[in-house]
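So the structure is just underneath, and the comments pick up after that.
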Amino acid sequence: MTLSDAFLARQRDELSALKTRLTEELAYYRDAAAPVTLDQAQVGRLSRIDAIGQQEMHKAAAVQTEQRLRRVMVALRKLEAGDYGWCEQCDEDIEPRRLKAQPEVIYCLKCQGASEAH
Ligand SMILES: [Zn+2]
């Protein structure tokens with residue numbers, strides 16, 4: 001199956017937009033996850049725990065965002081190489097509906113399921 005040029009152009013737009021958004025998000029989360037120096041005299045124990053909890057959340061969000069960004073970059077590279085829409089694992093077509101919903105997917109449904117089951 002060959003994906004139409006219009007479809008590929010749309011995916012390229014989506015991926016570029018995603019790349020920009022995720023890069024910004026990642027910078028934000030990394031910033032927010034940086035060790036906080038709190039003025040002991042001004043903040044109580046509870047708000048310090050709050051701050052640490054938030055920091056952990058931001059750290060986790062940064063990791064997730066980075067992983068997604070990496071997939072977006074791979075998908076973009078595949079697009080440029082004319083290799084977009086095929087599964088990285090088994091070389092089968094990835095369902096266009098799936099690509100539409102998540103332009104950065106690089107595995108077919110079957111392989112994705114297999115890799116998540118690990
Ligand atoms: Zn596959």
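Following the order of the structure tokens, first chain is A, next is B, and so on, with residues numbered from 1 inside each chain and ligands from 1 in the order they appear.
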
Next on the checklist: Any residue with an atom at most 10 Å from ligand 1 counts, using only C-alpha atoms and all ligand atoms. Which are they? Put them as an MDAnalysis selection string.
Outcome noted: chainID A and resid 86:94 106:115

Store the residues picked out above in a file with N, CA and C atoms, as a PDB file, in the first residue's frame.
ATOM      1  N   TRP A  86       5.791   2.205   7.437  1.00  0.00           N
ATOM      2  CA  TRP A  86       6.105   0.792   7.596  1.00  0.00           C
ATOM      3  C   TRP A  86       6.593   0.521   9.008  1.00  0.00           C
ATOM      4  N   CYS A  87       6.231  -0.626   9.500  1.00  0.00           N
ATOM      5  CA  CYS A  87       6.598  -1.003  10.857  1.00  0.00           C
ATOM      6  C   CYS A  87       8.112  -1.228  10.952  1.00  0.00           C
ATOM      7  N   GLU A  88       8.697  -0.655  12.014  1.00  0.00           N
ATOM      8  CA  GLU A  88      10.129  -0.807  12.253  1.00  0.00           C
ATOM      9  C   GLU A  88      10.515  -2.266  12.489  1.00  0.00           C
ATOM     10  N   GLN A  89       9.553  -2.990  13.033  1.00  0.00           N
ATOM     11  CA  GLN A  89       9.841  -4.334  13.491  1.00  0.00           C
ATOM     12  C   GLN A  89       9.644  -5.365  12.378  1.00  0.00           C
ATOM     13  N   CYS A  90       8.456  -5.379  11.778  1.00  0.00           N
ATOM     14  CA  CYS A  90       8.110  -6.472  10.867  1.00  0.00           C
ATOM     15  C   CYS A  90       7.977  -6.016   9.421  1.00  0.00           C
ATOM     16  N   ASP A  91       8.123  -4.696   9.174  1.00  0.00           N
ATOM     17  CA  ASP A  91       8.087  -4.198   7.807  1.00  0.00           C
ATOM     18  C   ASP A  91       6.705  -4.240   7.170  1.00  0.00           C
ATOM     19  N   GLU A  92       5.687  -4.497   7.964  1.00  0.00           N
ATOM     20  CA  GLU A  92       4.324  -4.459   7.438  1.00  0.00           C
ATOM     21  C   GLU A  92       3.834  -3.012   7.410  1.00  0.00           C
ATOM     22  N   ASP A  93       2.780  -2.776   6.636  1.00  0.00           N
ATOM     23  CA  ASP A  93       2.157  -1.455   6.630  1.00  0.00           C
ATOM     24  C   ASP A  93       1.579  -1.142   7.999  1.00  0.00           C
ATOM     25  N   ILE A  94       1.695   0.102   8.394  1.00  0.00           N
ATOM     26  CA  ILE A  94       0.977   0.562   9.589  1.00  0.00           C
ATOM     27  C   ILE A  94      -0.355   1.132   9.104  1.00  0.00           C
ATOM     28  N   ILE A 106       5.725   4.104  14.971  1.00  0.00           N
ATOM     29  CA  ILE A 106       6.664   3.466  14.046  1.00  0.00           C
ATOM     30  C   ILE A 106       6.516   1.952  14.086  1.00  0.00           C
ATOM     31  N   TYR A 107       5.552   1.471  14.874  1.00  0.00           N
ATOM     32  CA  TYR A 107       5.274   0.039  14.917  1.00  0.00           C
ATOM     33  C   TYR A 107       3.819  -0.202  14.533  1.00  0.00           C
ATOM     34  N   CYS A 108       3.558  -1.348  13.914  1.00  0.00           N
ATOM     35  CA  CYS A 108       2.177  -1.728  13.660  1.00  0.00           C
ATOM     36  C   CYS A 108       1.547  -2.143  14.990  1.00  0.00           C
ATOM     37  N   LEU A 109       0.248  -2.297  14.964  1.00  0.00           N
ATOM     38  CA  LEU A 109      -0.486  -2.593  16.186  1.00  0.00           C
ATOM     39  C   LEU A 109       0.040  -3.865  16.857  1.00  0.00           C
ATOM     40  N   LYS A 110       0.327  -4.860  16.025  1.00  0.00           N
ATOM     41  CA  LYS A 110       0.778  -6.161  16.525  1.00  0.00           C
ATOM     42  C   LYS A 110       2.123  -6.032  17.247  1.00  0.00           C
ATOM     43  N   CYS A 111       3.076  -5.370  16.606  1.00  0.00           N
ATOM     44  CA  CYS A 111       4.421  -5.238  17.194  1.00  0.00           C
ATOM     45  C   CYS A 111       4.402  -4.314  18.405  1.00  0.00           C
ATOM     46  N   GLN A 112       3.570  -3.273  18.340  1.00  0.00           N
ATOM     47  CA  GLN A 112       3.437  -2.372  19.475  1.00  0.00           C
ATOM     48  C   GLN A 112       2.976  -3.151  20.690  1.00  0.00           C
ATOM     49  N   GLY A 113       1.955  -3.980  20.486  1.00  0.00           N
ATOM     50  CA  GLY A 113       1.433  -4.805  21.564  1.00  0.00           C
ATOM     51  C   GLY A 113       2.505  -5.722  22.107  1.00  0.00           C
ATOM     52  N   ALA A 114       3.299  -6.296  21.221  1.00  0.00           N
ATOM     53  CA  ALA A 114       4.350  -7.217  21.631  1.00  0.00           C
ATOM     54  C   ALA A 114       5.429  -6.508  22.444  1.00  0.00           C
ATOM     55  N   SER A 115       5.762  -5.264  22.037  1.00  0.00           N
ATOM     56  CA  SER A 115       6.827  -4.563  22.738  1.00  0.00           C
ATOM     57  C   SER A 115       6.344  -4.042  24.083  1.00  0.00           C
TER      58      SER A 115
END

What lies within 12 Å of Ala27 in chain A using only C-alpha atoms, ignoring chain neighbours under 2 positions off, as a short mmCIF file (atom, residue, chain, number, x, y, z; two decimals) with N, CA and C atoms, in the first residue's frame?
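Saved file selection-v8.cif follows:
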data_model
loop_
_atom_site.label_atom_id
_atom_site.label_comp_id
_atom_site.auth_asym_id
_atom_site.auth_seq_id
_atom_site.Cartn_x
_atom_site.Cartn_y
_atom_site.Cartn_z
N THR A 20 7.90 20.71 17.63
CA THR A 20 8.01 22.03 18.25
C THR A 20 7.37 22.03 19.64
N ARG A 21 6.15 21.45 19.70
CA ARG A 21 5.42 21.48 20.97
C ARG A 21 6.14 20.66 22.03
N LEU A 22 6.60 19.46 21.64
CA LEU A 22 7.24 18.58 22.62
C LEU A 22 8.58 19.14 23.07
N THR A 23 9.30 19.80 22.16
CA THR A 23 10.57 20.41 22.54
C THR A 23 10.34 21.48 23.60
N GLU A 24 9.29 22.27 23.40
CA GLU A 24 8.96 23.30 24.39
C GLU A 24 8.54 22.68 25.72
N GLU A 25 7.70 21.66 25.62
CA GLU A 25 7.23 20.99 26.83
C GLU A 25 8.40 20.39 27.61
N TYR A 29 9.41 21.06 31.44
CA TYR A 29 9.44 20.03 32.48
C TYR A 29 10.83 19.90 33.09
N ARG A 30 11.84 20.01 32.22
CA ARG A 30 13.22 19.90 32.74
C ARG A 30 13.51 21.03 33.71
N ASP A 31 13.03 22.19 33.34
CA ASP A 31 13.20 23.37 34.18
C ASP A 31 12.51 23.16 35.52
N ALA A 32 11.27 22.68 35.43
CA ALA A 32 10.46 22.49 36.62
C ALA A 32 10.99 21.35 37.48
N ALA A 33 11.73 20.42 36.85
CA ALA A 33 12.24 19.27 37.59
C ALA A 33 13.62 19.55 38.19
N ALA A 34 14.17 20.70 37.89
CA ALA A 34 15.48 21.04 38.43
C ALA A 34 15.38 21.14 39.95
N HIS A 58 7.21 16.25 37.52
CA HIS A 58 7.80 16.91 36.36
C HIS A 58 8.90 16.07 35.75
N LYS A 59 9.64 15.39 36.62
CA LYS A 59 10.71 14.52 36.14
C LYS A 59 10.13 13.41 35.28
N ALA A 61 7.26 13.41 33.78
CA ALA A 61 6.69 13.99 32.57
C ALA A 61 7.80 14.28 31.55
N ALA A 62 8.96 14.71 32.05
CA ALA A 62 10.08 15.00 31.16
C ALA A 62 10.54 13.73 30.45
N VAL A 63 10.60 12.63 31.18
CA VAL A 63 11.03 11.36 30.59
C VAL A 63 10.05 10.93 29.49
N THR A 65 7.92 12.80 27.82
CA THR A 65 7.95 13.73 26.70
C THR A 65 9.17 13.48 25.83
N GLU A 66 10.28 13.17 26.48
CA GLU A 66 11.51 12.93 25.73
C GLU A 66 11.37 11.69 24.86
N LEU A 69 9.17 12.54 21.95
CA LEU A 69 9.91 13.40 21.03
C LEU A 69 10.87 12.56 20.19
#

Item to check | Two-atom distance - CA of Pro35 in chain A, CA of Gln55 in chain A (Å) | outcome: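 Straight-line distance from CA of Pro35 in chain A to CA of Gln55 in chain A works out to 7.7 Å.
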
Checklist entry - Counting only C-alpha atoms, what is within 10 Å of Arg70 in chain A, bar same-chain residues fewer than 6 positions away, as an MDAnalysis selection string? => result chainID A and resid 19 22 64 76 104

Item to check | Which of range 10-106 of chain A DSSP labels helix (DSSP H, G or I), written as a ChimeraX atom specification | outcome: /A:10-33,45-80,96-101

Checklist entry - Which residue gives the smallest distance to Ala17 in chain A among A:Val72, A:Leu3, A:Pro96, A:Tyr84, with only C-alpha atoms counted? => result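 Once distances to Ala17 in chain A are computed over only C-alpha atoms, the minimum belongs to A:Val72.
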
Checklist entry - For Ala75 in chain A, which residue out of A:Asp50, A:Glu56, A:Glu14, A:Glu95 is the nearest one, using only C-alpha atoms? => result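 Using only C-alpha atoms, Ala75 in chain A sits closest to A:Glu14.
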
Checklist entry - In terms of the shortest atom-to-atom distance over only C-alpha atoms, which of A:Val105, A:Leu26, A:Ser4, A:Ile52 is closest to Met73 in chain A? => result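 For Met73 in chain A, the nearest of the candidates is A:Val105.
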
Item to check | Nearest-residue call for Gly85 in chain A, choices A:Arg68, A:Ala60, A:Arg97, A:Asp13, using only C-alpha atoms | outcome: A:Arg97

Item to check | CA of Leu99 in chain A to CA of Gln11 in chain A, distance in Å rounded to a single decimal | outcome: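 For CA of Leu99 in chain A relative to CA of Gln11 in chain A, the distance reads 7.9 Å.
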